[in-house]
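Peer 1: Quick one, query39.json (JSON, N, CA and C atoms):
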[["chain", "number", "residue", "atom", "x", "y", "z"],
["A", 1, "SER", "N", -24.08, -23.32, 63.76],
["A", 1, "SER", "CA", -24.64, -23.98, 64.94],
["A", 1, "SER", "C", -25.96, -24.62, 64.55],
["A", 2, "ASP", "N", -26.10, -25.92, 64.79],
["A", 2, "ASP", "CA", -27.33, -26.54, 64.33],
["A", 2, "ASP", "C", -28.33, -26.81, 65.45],
["A", 3, "TRP", "N", -27.98, -26.43, 66.69],
["A", 3, "TRP", "CA", -28.97, -26.63, 67.76],
["A", 3, "TRP", "C", -30.21, -25.80, 67.54],
["A", 4, "SER", "N", -30.08, -24.69, 66.80],
["A", 4, "SER", "CA", -31.23, -23.81, 66.63],
["A", 4, "SER", "C", -32.26, -24.40, 65.67],
["A", 5, "SER", "N", -31.81, -25.33, 64.82],
["A", 5, "SER", "CA", -32.73, -25.82, 63.80],
["A", 5, "SER", "C", -33.92, -26.56, 64.39],
["A", 6, "ASP", "N", -33.73, -27.25, 65.53],
["A", 6, "ASP", "CA", -34.88, -27.95, 66.08],
["A", 6, "ASP", "C", -35.70, -27.05, 67.01],
["A", 7, "VAL", "N", -35.14, -25.91, 67.40],
["A", 7, "VAL", "CA", -35.90, -24.98, 68.23],
["A", 7, "VAL", "C", -36.90, -24.26, 67.34],
["A", 8, "CYS", "N", -36.47, -23.92, 66.15],
["A", 8, "CYS", "CA", -37.31, -23.14, 65.28],
["A", 8, "CYS", "C", -36.96, -23.41, 63.83],
["A", 9, "SER", "N", -37.97, -23.53, 63.01],
["A", 9, "SER", "CA", -37.73, -23.93, 61.63],
["A", 9, "SER", "C", -37.13, -22.81, 60.78],
["A", 10, "SER", "N", -37.29, -21.57, 61.24],
["A", 10, "SER", "CA", -36.86, -20.44, 60.41],
["A", 10, "SER", "C", -35.57, -19.83, 60.91],
["A", 11, "ASP", "N", -34.69, -19.47, 59.97],
["A", 11, "ASP", "CA", -33.47, -18.76, 60.34],
["A", 11, "ASP", "C", -33.77, -17.30, 60.66],
["A", 12, "LEU", "N", -35.02, -16.91, 60.41],
["A", 12, "LEU", "CA", -35.37, -15.51, 60.56],
["A", 12, "LEU", "C", -35.93, -15.18, 61.94],
["A", 13, "MET", "N", -35.89, -16.16, 62.85],
["A", 13, "MET", "CA", -36.34, -15.90, 64.20],
["A", 13, "MET", "C", -35.23, -15.18, 64.97],
["A", 14, "VAL", "N", -35.56, -14.05, 65.54],
["A", 14, "VAL", "CA", -34.60, -13.32, 66.36],
["A", 14, "VAL", "C", -35.28, -12.89, 67.66],
["A", 15, "SER", "N", -34.45, -12.53, 68.61],
["A", 15, "SER", "CA", -34.95, -12.05, 69.89],
["A", 15, "SER", "C", -34.75, -10.53, 69.93],
["A", 16, "ILE", "N", -35.82, -9.80, 70.13],
["A", 16, "ILE", "CA", -35.73, -8.34, 70.18],
["A", 16, "ILE", "C", -36.35, -7.82, 71.48],
["A", 17, "TYR", "N", -36.22, -6.53, 71.70],
["A", 17, "TYR", "CA", -36.79, -5.91, 72.90],
["A", 17, "TYR", "C", -37.74, -4.80, 72.50],
["A", 18, "ILE", "N", -38.85, -4.74, 73.24],
["A", 18, "ILE", "CA", -39.78, -3.63, 73.08],
["A", 18, "ILE", "C", -39.65, -2.80, 74.34],
["A", 19, "ARG", "N", -39.27, -1.54, 74.19],
["A", 19, "ARG", "CA", -39.19, -0.66, 75.37],
["A", 19, "ARG", "C", -40.51, 0.08, 75.51],
["A", 20, "VAL", "N", -41.19, -0.17, 76.61],
["A", 20, "VAL", "CA", -42.50, 0.46, 76.83],
["A", 20, "VAL", "C", -42.33, 1.76, 77.61],
["A", 21, "SER", "N", -43.41, 2.51, 77.72],
["A", 21, "SER", "CA", -43.32, 3.86, 78.27],
["A", 21, "SER", "C", -42.82, 3.89, 79.72],
["A", 22, "THR", "N", -43.02, 2.81, 80.44],
["A", 22, "THR", "CA", -42.54, 2.76, 81.83],
["A", 22, "THR", "C", -41.03, 2.60, 81.89],
["A", 23, "GLY", "N", -40.40, 2.35, 80.72],
["A", 23, "GLY", "CA", -38.96, 2.14, 80.69],
["A", 23, "GLY", "C", -38.60, 0.67, 80.74],
["A", 24, "GLU", "N", -39.59, -0.16, 81.03],
["A", 24, "GLU", "CA", -39.40, -1.61, 81.07],
["A", 24, "GLU", "C", -39.12, -2.13, 79.66],
["A", 25, "LYS", "N", -38.25, -3.15, 79.58],
["A", 25, "LYS", "CA", -37.98, -3.77, 78.28],
["A", 25, "LYS", "C", -38.63, -5.14, 78.25],
["A", 26, "VAL", "N", -39.42, -5.37, 77.21],
["A", 26, "VAL", "CA", -40.11, -6.64, 77.04],
["A", 26, "VAL", "C", -39.38, -7.42, 75.95],
["A", 27, "ASN", "N", -38.94, -8.63, 76.29],
["A", 27, "ASN", "CA", -38.21, -9.46, 75.34],
["A", 27, "ASN", "C", -39.20, -10.32, 74.54],
["A", 28, "VAL", "N", -39.13, -10.25, 73.22],
["A", 28, "VAL", "CA", -39.99, -11.10, 72.39],
["A", 28, "VAL", "C", -39.18, -11.76, 71.27],
["A", 29, "ASP", "N", -39.57, -12.97, 70.94],
["A", 29, "ASP", "CA", -38.98, -13.66, 69.79],
["A", 29, "ASP", "C", -39.89, -13.39, 68.61],
["A", 30, "VAL", "N", -39.31, -12.94, 67.52],
["A", 30, "VAL", "CA", -40.10, -12.58, 66.35],
["A", 30, "VAL", "C", -39.51, -13.21, 65.09],
["A", 31, "ASP", "N", -40.35, -13.34, 64.09],
["A", 31, "ASP", "CA", -39.93, -13.78, 62.77],
["A", 31, "ASP", "C", -39.74, -12.52, 61.93],
["A", 32, "LEU", "N", -38.57, -12.36, 61.33],
["A", 32, "LEU", "CA", -38.29, -11.14, 60.56],
["A", 32, "LEU", "C", -39.18, -11.02, 59.32],
["A", 33, "ASN", "N", -39.83, -12.12, 58.95],
["A", 33, "ASN", "CA", -40.78, -12.07, 57.83],
["A", 33, "ASN", "C", -42.15, -11.57, 58.25],
["A", 34, "SER", "N", -42.34, -11.34, 59.54],
["A", 34, "SER", "CA", -43.65, -10.85, 59.98],
["A", 34, "SER", "C", -43.69, -9.32, 59.88],
["A", 35, "SER", "N", -44.90, -8.79, 59.87],
["A", 35, "SER", "CA", -45.07, -7.35, 59.67],
["A", 35, "SER", "C", -45.15, -6.62, 61.01],
["A", 36, "ILE", "N", -44.99, -5.32, 60.93],
["A", 36, "ILE", "CA", -45.14, -4.47, 62.11],
["A", 36, "ILE", "C", -46.55, -4.62, 62.70],
["A", 37, "GLN", "N", -47.55, -4.73, 61.82],
["A", 37, "GLN", "CA", -48.92, -4.93, 62.29],
["A", 37, "GLN", "C", -49.05, -6.20, 63.13],
["A", 38, "GLU", "N", -48.42, -7.28, 62.67],
["A", 38, "GLU", "CA", -48.47, -8.53, 63.44],
["A", 38, "GLU", "C", -47.80, -8.36, 64.80],
["A", 39, "LEU", "N", -46.69, -7.62, 64.81],
["A", 39, "LEU", "CA", -45.99, -7.37, 66.07],
["A", 39, "LEU", "C", -46.87, -6.53, 67.00],
["A", 40, "LYS", "N", -47.56, -5.53, 66.45],
["A", 40, "LYS", "CA", -48.48, -4.71, 67.26],
["A", 40, "LYS", "C", -49.57, -5.57, 67.87],
["A", 41, "ASN", "N", -50.13, -6.47, 67.07],
["A", 41, "ASN", "CA", -51.20, -7.34, 67.57],
["A", 41, "ASN", "C", -50.69, -8.19, 68.73],
["A", 42, "ARG", "N", -49.46, -8.69, 68.58],
["A", 42, "ARG", "CA", -48.89, -9.56, 69.60],
["A", 42, "ARG", "C", -48.59, -8.80, 70.89],
["A", 43, "ILE", "N", -47.94, -7.66, 70.74],
["A", 43, "ILE", "CA", -47.59, -6.86, 71.92],
["A", 43, "ILE", "C", -48.85, -6.30, 72.56],
["A", 44, "GLY", "N", -49.80, -5.91, 71.73],
["A", 44, "GLY", "CA", -51.08, -5.44, 72.26],
["A", 44, "GLY", "C", -51.72, -6.48, 73.15],
["A", 45, "GLY", "N", -51.67, -7.74, 72.69],
["A", 45, "GLY", "CA", -52.21, -8.84, 73.48],
["A", 45, "GLY", "C", -51.45, -9.04, 74.79],
["A", 46, "LEU", "N", -50.12, -8.96, 74.71],
["A", 46, "LEU", "CA", -49.28, -9.14, 75.89],
["A", 46, "LEU", "C", -49.48, -8.04, 76.92],
["A", 47, "ARG", "N", -49.66, -6.82, 76.43],
["A", 47, "ARG", "CA", -49.73, -5.64, 77.31],
["A", 47, "ARG", "C", -51.15, -5.16, 77.56],
["A", 48, "SER", "N", -52.14, -5.88, 77.02],
["A", 48, "SER", "CA", -53.55, -5.46, 77.11],
["A", 48, "SER", "C", -53.75, -4.03, 76.59],
["A", 49, "VAL", "N", -53.20, -3.79, 75.41],
["A", 49, "VAL", "CA", -53.33, -2.49, 74.77],
["A", 49, "VAL", "C", -53.94, -2.71, 73.39],
["A", 50, "ASP", "N", -54.83, -1.84, 72.99],
["A", 50, "ASP", "CA", -55.41, -1.91, 71.66],
["A", 50, "ASP", "C", -54.31, -1.68, 70.62],
["A", 51, "PRO", "N", -54.06, -2.65, 69.74],
["A", 51, "PRO", "CA", -52.97, -2.50, 68.74],
["A", 51, "PRO", "C", -53.10, -1.23, 67.90],
["A", 52, "GLU", "N", -54.34, -0.75, 67.73],
["A", 52, "GLU", "CA", -54.57, 0.48, 66.96],
["A", 52, "GLU", "C", -53.90, 1.69, 67.60],
["A", 53, "LEU", "N", -53.67, 1.59, 68.91],
["A", 53, "LEU", "CA", -53.12, 2.74, 69.65],
["A", 53, "LEU", "C", -51.60, 2.68, 69.79],
["A", 54, "ILE", "N", -51.02, 1.61, 69.25],
["A", 54, "ILE", "CA", -49.57, 1.42, 69.40],
["A", 54, "ILE", "C", -48.82, 2.02, 68.21],
["A", 55, "THR", "N", -47.76, 2.75, 68.52],
["A", 55, "THR", "CA", -46.82, 3.21, 67.49],
["A", 55, "THR", "C", -45.44, 2.69, 67.88],
["A", 56, "PHE", "N", -44.74, 2.09, 66.94],
["A", 56, "PHE", "CA", -43.38, 1.62, 67.19],
["A", 56, "PHE", "C", -42.39, 2.57, 66.55],
["A", 57, "VAL", "N", -41.36, 2.92, 67.29],
["A", 57, "VAL", "CA", -40.31, 3.80, 66.78],
["A", 57, "VAL", "C", -38.98, 3.05, 66.89],
["A", 58, "PHE", "N", -38.23, 3.03, 65.79],
["A", 58, "PHE", "CA", -36.95, 2.33, 65.76],
["A", 58, "PHE", "C", -35.93, 3.24, 65.09],
["A", 59, "LYS", "N", -34.85, 3.53, 65.80],
["A", 59, "LYS", "CA", -33.81, 4.43, 65.28],
["A", 59, "LYS", "C", -34.41, 5.76, 64.81],
["A", 60, "GLY", "N", -35.35, 6.27, 65.59],
["A", 60, "GLY", "CA", -35.92, 7.58, 65.30],
["A", 60, "GLY", "C", -36.98, 7.61, 64.21],
["A", 61, "LYS", "N", -37.31, 6.44, 63.66],
["A", 61, "LYS", "CA", -38.32, 6.40, 62.60],
["A", 61, "LYS", "C", -39.56, 5.66, 63.08],
["A", 62, "ILE", "N", -40.72, 6.18, 62.68],
["A", 62, "ILE", "CA", -41.97, 5.48, 62.96],
["A", 62, "ILE", "C", -42.09, 4.31, 61.99],
["A", 63, "LEU", "N", -42.37, 3.12, 62.51],
["A", 63, "LEU", "CA", -42.46, 1.93, 61.66],
["A", 63, "LEU", "C", -43.87, 1.78, 61.10],
["A", 64, "LYS", "N", -43.97, 1.63, 59.81],
["A", 64, "LYS", "CA", -45.28, 1.48, 59.16],
["A", 64, "LYS", "C", -45.81, 0.06, 59.32],
["A", 65, "ASP", "N", -47.12, -0.04, 59.51],
["A", 65, "ASP", "CA", -47.78, -1.32, 59.78],
["A", 65, "ASP", "C", -47.44, -2.41, 58.76],
["A", 66, "GLU", "N", -47.38, -2.03, 57.49],
["A", 66, "GLU", "CA", -47.23, -3.04, 56.43],
["A", 66, "GLU", "C", -45.77, -3.45, 56.23],
["A", 67, "CYS", "N", -44.87, -2.74, 56.86],
["A", 67, "CYS", "CA", -43.43, -3.01, 56.71],
["A", 67, "CYS", "C", -43.06, -4.33, 57.40],
["A", 68, "LEU", "N", -42.24, -5.15, 56.73],
["A", 68, "LEU", "CA", -41.73, -6.36, 57.36],
["A", 68, "LEU", "C", -40.58, -5.98, 58.29],
["A", 69, "LEU", "N", -40.45, -6.72, 59.39],
["A", 69, "LEU", "CA", -39.41, -6.40, 60.37],
["A", 69, "LEU", "C", -38.03, -6.35, 59.72],
["A", 70, "GLU", "N", -37.76, -7.31, 58.86],
["A", 70, "GLU", "CA", -36.45, -7.37, 58.21],
["A", 70, "GLU", "C", -36.20, -6.10, 57.38],
["A", 71, "ALA", "N", -37.23, -5.67, 56.66],
["A", 71, "ALA", "CA", -37.12, -4.49, 55.81],
["A", 71, "ALA", "C", -36.93, -3.21, 56.63],
["A", 72, "CYS", "N", -37.37, -3.25, 57.88],
["A", 72, "CYS", "CA", -37.21, -2.09, 58.78],
["A", 72, "CYS", "C", -35.81, -2.03, 59.38],
["A", 73, "GLY", "N", -35.00, -3.06, 59.11],
["A", 73, "GLY", "CA", -33.64, -3.07, 59.63],
["A", 73, "GLY", "C", -33.52, -3.70, 61.02],
["A", 74, "ILE", "N", -34.58, -4.37, 61.44],
["A", 74, "ILE", "CA", -34.57, -5.00, 62.76],
["A", 74, "ILE", "C", -33.77, -6.30, 62.71],
["A", 75, "THR", "N", -32.91, -6.47, 63.71],
["A", 75, "THR", "CA", -32.06, -7.66, 63.79],
["A", 75, "THR", "C", -32.04, -8.15, 65.24],
["A", 76, "GLU", "N", -31.34, -9.24, 65.46],
["A", 76, "GLU", "CA", -31.17, -9.80, 66.81],
["A", 76, "GLU", "C", -30.76, -8.70, 67.79],
["A", 77, "GLY", "N", -31.52, -8.58, 68.89],
["A", 77, "GLY", "CA", -31.16, -7.63, 69.93],
["A", 77, "GLY", "C", -31.63, -6.21, 69.72],
["A", 78, "SER", "N", -32.32, -5.95, 68.61],
["A", 78, "SER", "CA", -32.83, -4.59, 68.36],
["A", 78, "SER", "C", -33.78, -4.16, 69.47],
["A", 79, "ILE", "N", -33.77, -2.86, 69.75],
["A", 79, "ILE", "CA", -34.71, -2.31, 70.73],
["A", 79, "ILE", "C", -35.68, -1.37, 70.00],
["A", 80, "ILE", "N", -36.96, -1.70, 70.10],
["A", 80, "ILE", "CA", -37.99, -0.88, 69.48],
["A", 80, "ILE", "C", -38.73, -0.15, 70.59],
["A", 81, "HIS", "N", -38.95, 1.13, 70.40],
["A", 81, "HIS", "CA", -39.70, 1.90, 71.40],
["A", 81, "HIS", "C", -41.18, 1.86, 71.07],
["A", 82, "MET", "N", -41.96, 1.58, 72.09],
["A", 82, "MET", "CA", -43.41, 1.52, 71.91],
["A", 82, "MET", "C", -44.03, 2.77, 72.50],
["A", 83, "VAL", "N", -44.80, 3.47, 71.67],
["A", 83, "VAL", "CA", -45.52, 4.64, 72.15],
["A", 83, "VAL", "C", -47.01, 4.29, 72.07],
["A", 84, "THR", "N", -47.72, 4.50, 73.18],
["A", 84, "THR", "CA", -49.15, 4.22, 73.19],
["A", 84, "THR", "C", -49.92, 5.52, 73.17],
["A", 85, "MET", "N", -50.75, 5.67, 72.16],
["A", 85, "MET", "CA", -51.56, 6.87, 72.05],
["A", 85, "MET", "C", -52.73, 6.76, 73.03],
["A", 86, "LYS", "N", -53.27, 7.89, 73.39],
["A", 86, "LYS", "CA", -54.49, 7.89, 74.19],
["A", 86, "LYS", "C", -55.67, 7.62, 73.25],
["A", 87, "LYS", "N", -56.65, 6.91, 73.77],
["A", 87, "LYS", "CA", -57.87, 6.68, 72.97],
["A", 87, "LYS", "C", -58.52, 8.03, 72.70],
["A", 88, "LYS", "N", -58.99, 8.20, 71.47],
["A", 88, "LYS", "CA", -59.73, 9.44, 71.18],
["A", 88, "LYS", "C", -61.09, 9.34, 71.85],
["A", 89, "SER", "N", -61.42, 10.35, 72.61],
["A", 89, "SER", "CA", -62.69, 10.26, 73.36],
["A", 89, "SER", "C", -63.86, 10.71, 72.48]]
If you convert what's in this file into structure tokens, what do you get?

Peer 2:
Amino acid sequence: SDWSSDVCSSDLMVSIYIRVSTGEKVNVDVDLNSSIQELKNRIGGLRSVDPELITFVFKGKILKDECLLEACGITEGSIIHMVTMKKKS
């Protein structure tokens, strides 16, 4: 399908879901070449949460900041669980 080529230059763009603690699912388009840290920064901005306090869990594993989405096994339609830590007082 070539309609996607003018929407986005990369074949690595996929649509995934972030499930937040309220149970709500947030749909985001991501580049599989981007890192977990970049995703945290983006979701942090969207949700007004400090990215430092975000932990992503996918298939029961905590995702490391430096890991690329593709290397974590994330694909089109994946659901990542977002856990927000409390700020240390």

Peer 1: Ranking A:Ser48, A:Thr55, A:Thr84, A:Asn33 by minimum distance to Cys67 (chain A) and counting only N, CA and C atoms, which one comes first?

Peer 2: A:Asn33

Peer 1: Of the residues A:Arg42, A:Leu68, A:Met82, A:Asp31, which is the one nearest to Phe56 (chain A), using only C-alpha atoms?

Peer 2: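 With only C-alpha atoms as the atom set, the closest residue is A:Met82.
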
Peer 1: What lies within 12 Å of Val49 (chain A) using only C-alpha atoms, ignoring chain neighbours under 2 positions off, as a list in words?

Peer 2: Val20, Lys40, Asn41, Arg42, Ile43, Gly44, Gly45, Leu46, Arg47, Pro51, Glu52, Leu53, Ile54, Thr55, Met82, Val83, Thr84, Met85, Lys86 and Lys87 of chain A

Peer 1: Can you write out the residues you just picked, keeping N, CA and C atoms, as a PDB file, in the coordinates of the input?

Peer 2:
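Generated file (selection32.pdb):
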ATOM      1  N   VAL A  20     -41.190  -0.170  76.610  1.00  0.00           N
ATOM      2  CA  VAL A  20     -42.500   0.460  76.830  1.00  0.00           C
ATOM      3  C   VAL A  20     -42.330   1.760  77.610  1.00  0.00           C
ATOM      4  N   LYS A  40     -47.560  -5.530  66.450  1.00  0.00           N
ATOM      5  CA  LYS A  40     -48.480  -4.710  67.260  1.00  0.00           C
ATOM      6  C   LYS A  40     -49.570  -5.570  67.870  1.00  0.00           C
ATOM      7  N   ASN A  41     -50.130  -6.470  67.070  1.00  0.00           N
ATOM      8  CA  ASN A  41     -51.200  -7.340  67.570  1.00  0.00           C
ATOM      9  C   ASN A  41     -50.690  -8.190  68.730  1.00  0.00           C
ATOM     10  N   ARG A  42     -49.460  -8.690  68.580  1.00  0.00           N
ATOM     11  CA  ARG A  42     -48.890  -9.560  69.600  1.00  0.00           C
ATOM     12  C   ARG A  42     -48.590  -8.800  70.890  1.00  0.00           C
ATOM     13  N   ILE A  43     -47.940  -7.660  70.740  1.00  0.00           N
ATOM     14  CA  ILE A  43     -47.590  -6.860  71.920  1.00  0.00           C
ATOM     15  C   ILE A  43     -48.850  -6.300  72.560  1.00  0.00           C
ATOM     16  N   GLY A  44     -49.800  -5.910  71.730  1.00  0.00           N
ATOM     17  CA  GLY A  44     -51.080  -5.440  72.260  1.00  0.00           C
ATOM     18  C   GLY A  44     -51.720  -6.480  73.150  1.00  0.00           C
ATOM     19  N   GLY A  45     -51.670  -7.740  72.690  1.00  0.00           N
ATOM     20  CA  GLY A  45     -52.210  -8.840  73.480  1.00  0.00           C
ATOM     21  C   GLY A  45     -51.450  -9.040  74.790  1.00  0.00           C
ATOM     22  N   LEU A  46     -50.120  -8.960  74.710  1.00  0.00           N
ATOM     23  CA  LEU A  46     -49.280  -9.140  75.890  1.00  0.00           C
ATOM     24  C   LEU A  46     -49.480  -8.040  76.920  1.00  0.00           C
ATOM     25  N   ARG A  47     -49.660  -6.820  76.430  1.00  0.00           N
ATOM     26  CA  ARG A  47     -49.730  -5.640  77.310  1.00  0.00           C
ATOM     27  C   ARG A  47     -51.150  -5.160  77.560  1.00  0.00           C
ATOM     28  N   PRO A  51     -54.060  -2.650  69.740  1.00  0.00           N
ATOM     29  CA  PRO A  51     -52.970  -2.500  68.740  1.00  0.00           C
ATOM     30  C   PRO A  51     -53.100  -1.230  67.900  1.00  0.00           C
ATOM     31  N   GLU A  52     -54.340  -0.750  67.730  1.00  0.00           N
ATOM     32  CA  GLU A  52     -54.570   0.480  66.960  1.00  0.00           C
ATOM     33  C   GLU A  52     -53.900   1.690  67.600  1.00  0.00           C
ATOM     34  N   LEU A  53     -53.670   1.590  68.910  1.00  0.00           N
ATOM     35  CA  LEU A  53     -53.120   2.740  69.650  1.00  0.00           C
ATOM     36  C   LEU A  53     -51.600   2.680  69.790  1.00  0.00           C
ATOM     37  N   ILE A  54     -51.020   1.610  69.250  1.00  0.00           N
ATOM     38  CA  ILE A  54     -49.570   1.420  69.400  1.00  0.00           C
ATOM     39  C   ILE A  54     -48.820   2.020  68.210  1.00  0.00           C
ATOM     40  N   THR A  55     -47.760   2.750  68.520  1.00  0.00           N
ATOM     41  CA  THR A  55     -46.820   3.210  67.490  1.00  0.00           C
ATOM     42  C   THR A  55     -45.440   2.690  67.880  1.00  0.00           C
ATOM     43  N   MET A  82     -41.960   1.580  72.090  1.00  0.00           N
ATOM     44  CA  MET A  82     -43.410   1.520  71.910  1.00  0.00           C
ATOM     45  C   MET A  82     -44.030   2.770  72.500  1.00  0.00           C
ATOM     46  N   VAL A  83     -44.800   3.470  71.670  1.00  0.00           N
ATOM     47  CA  VAL A  83     -45.520   4.640  72.150  1.00  0.00           C
ATOM     48  C   VAL A  83     -47.010   4.290  72.070  1.00  0.00           C
ATOM     49  N   THR A  84     -47.720   4.500  73.180  1.00  0.00           N
ATOM     50  CA  THR A  84     -49.150   4.220  73.190  1.00  0.00           C
ATOM     51  C   THR A  84     -49.920   5.520  73.170  1.00  0.00           C
ATOM     52  N   MET A  85     -50.750   5.670  72.160  1.00  0.00           N
ATOM     53  CA  MET A  85     -51.560   6.870  72.050  1.00  0.00           C
ATOM     54  C   MET A  85     -52.730   6.760  73.030  1.00  0.00           C
ATOM     55  N   LYS A  86     -53.270   7.890  73.390  1.00  0.00           N
ATOM     56  CA  LYS A  86     -54.490   7.890  74.190  1.00  0.00           C
ATOM     57  C   LYS A  86     -55.670   7.620  73.250  1.00  0.00           C
ATOM     58  N   LYS A  87     -56.650   6.910  73.770  1.00  0.00           N
ATOM     59  CA  LYS A  87     -57.870   6.680  72.970  1.00  0.00           C
ATOM     60  C   LYS A  87     -58.520   8.030  72.700  1.00  0.00           C
TER      61      LYS A  87
END

Peer 1: Pick out each residue of chain A that DSSP on the backbone tags as strand (DSSP E); I need them as a PyMOL selection string.

Peer 2: chain A and resi 13-19+25-31+54-58+61-62+79-84

Peer 1: What is the atom N of Ser78 (chain A)-atom N of Gln37 (chain A) distance in Å, reported with one decimal?

Peer 2: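 Answer for the atom N of Ser78 (chain A) to atom N of Gln37 (chain A) separation: 16.7 Å.
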
Peer 1: Under the rule that only C-alpha atoms are counted, which of A:Gly60, A:Gly73, A:Leu32, A:Asp65 is the nearest residue to Val14 (chain A)?

Peer 2: A:Leu32
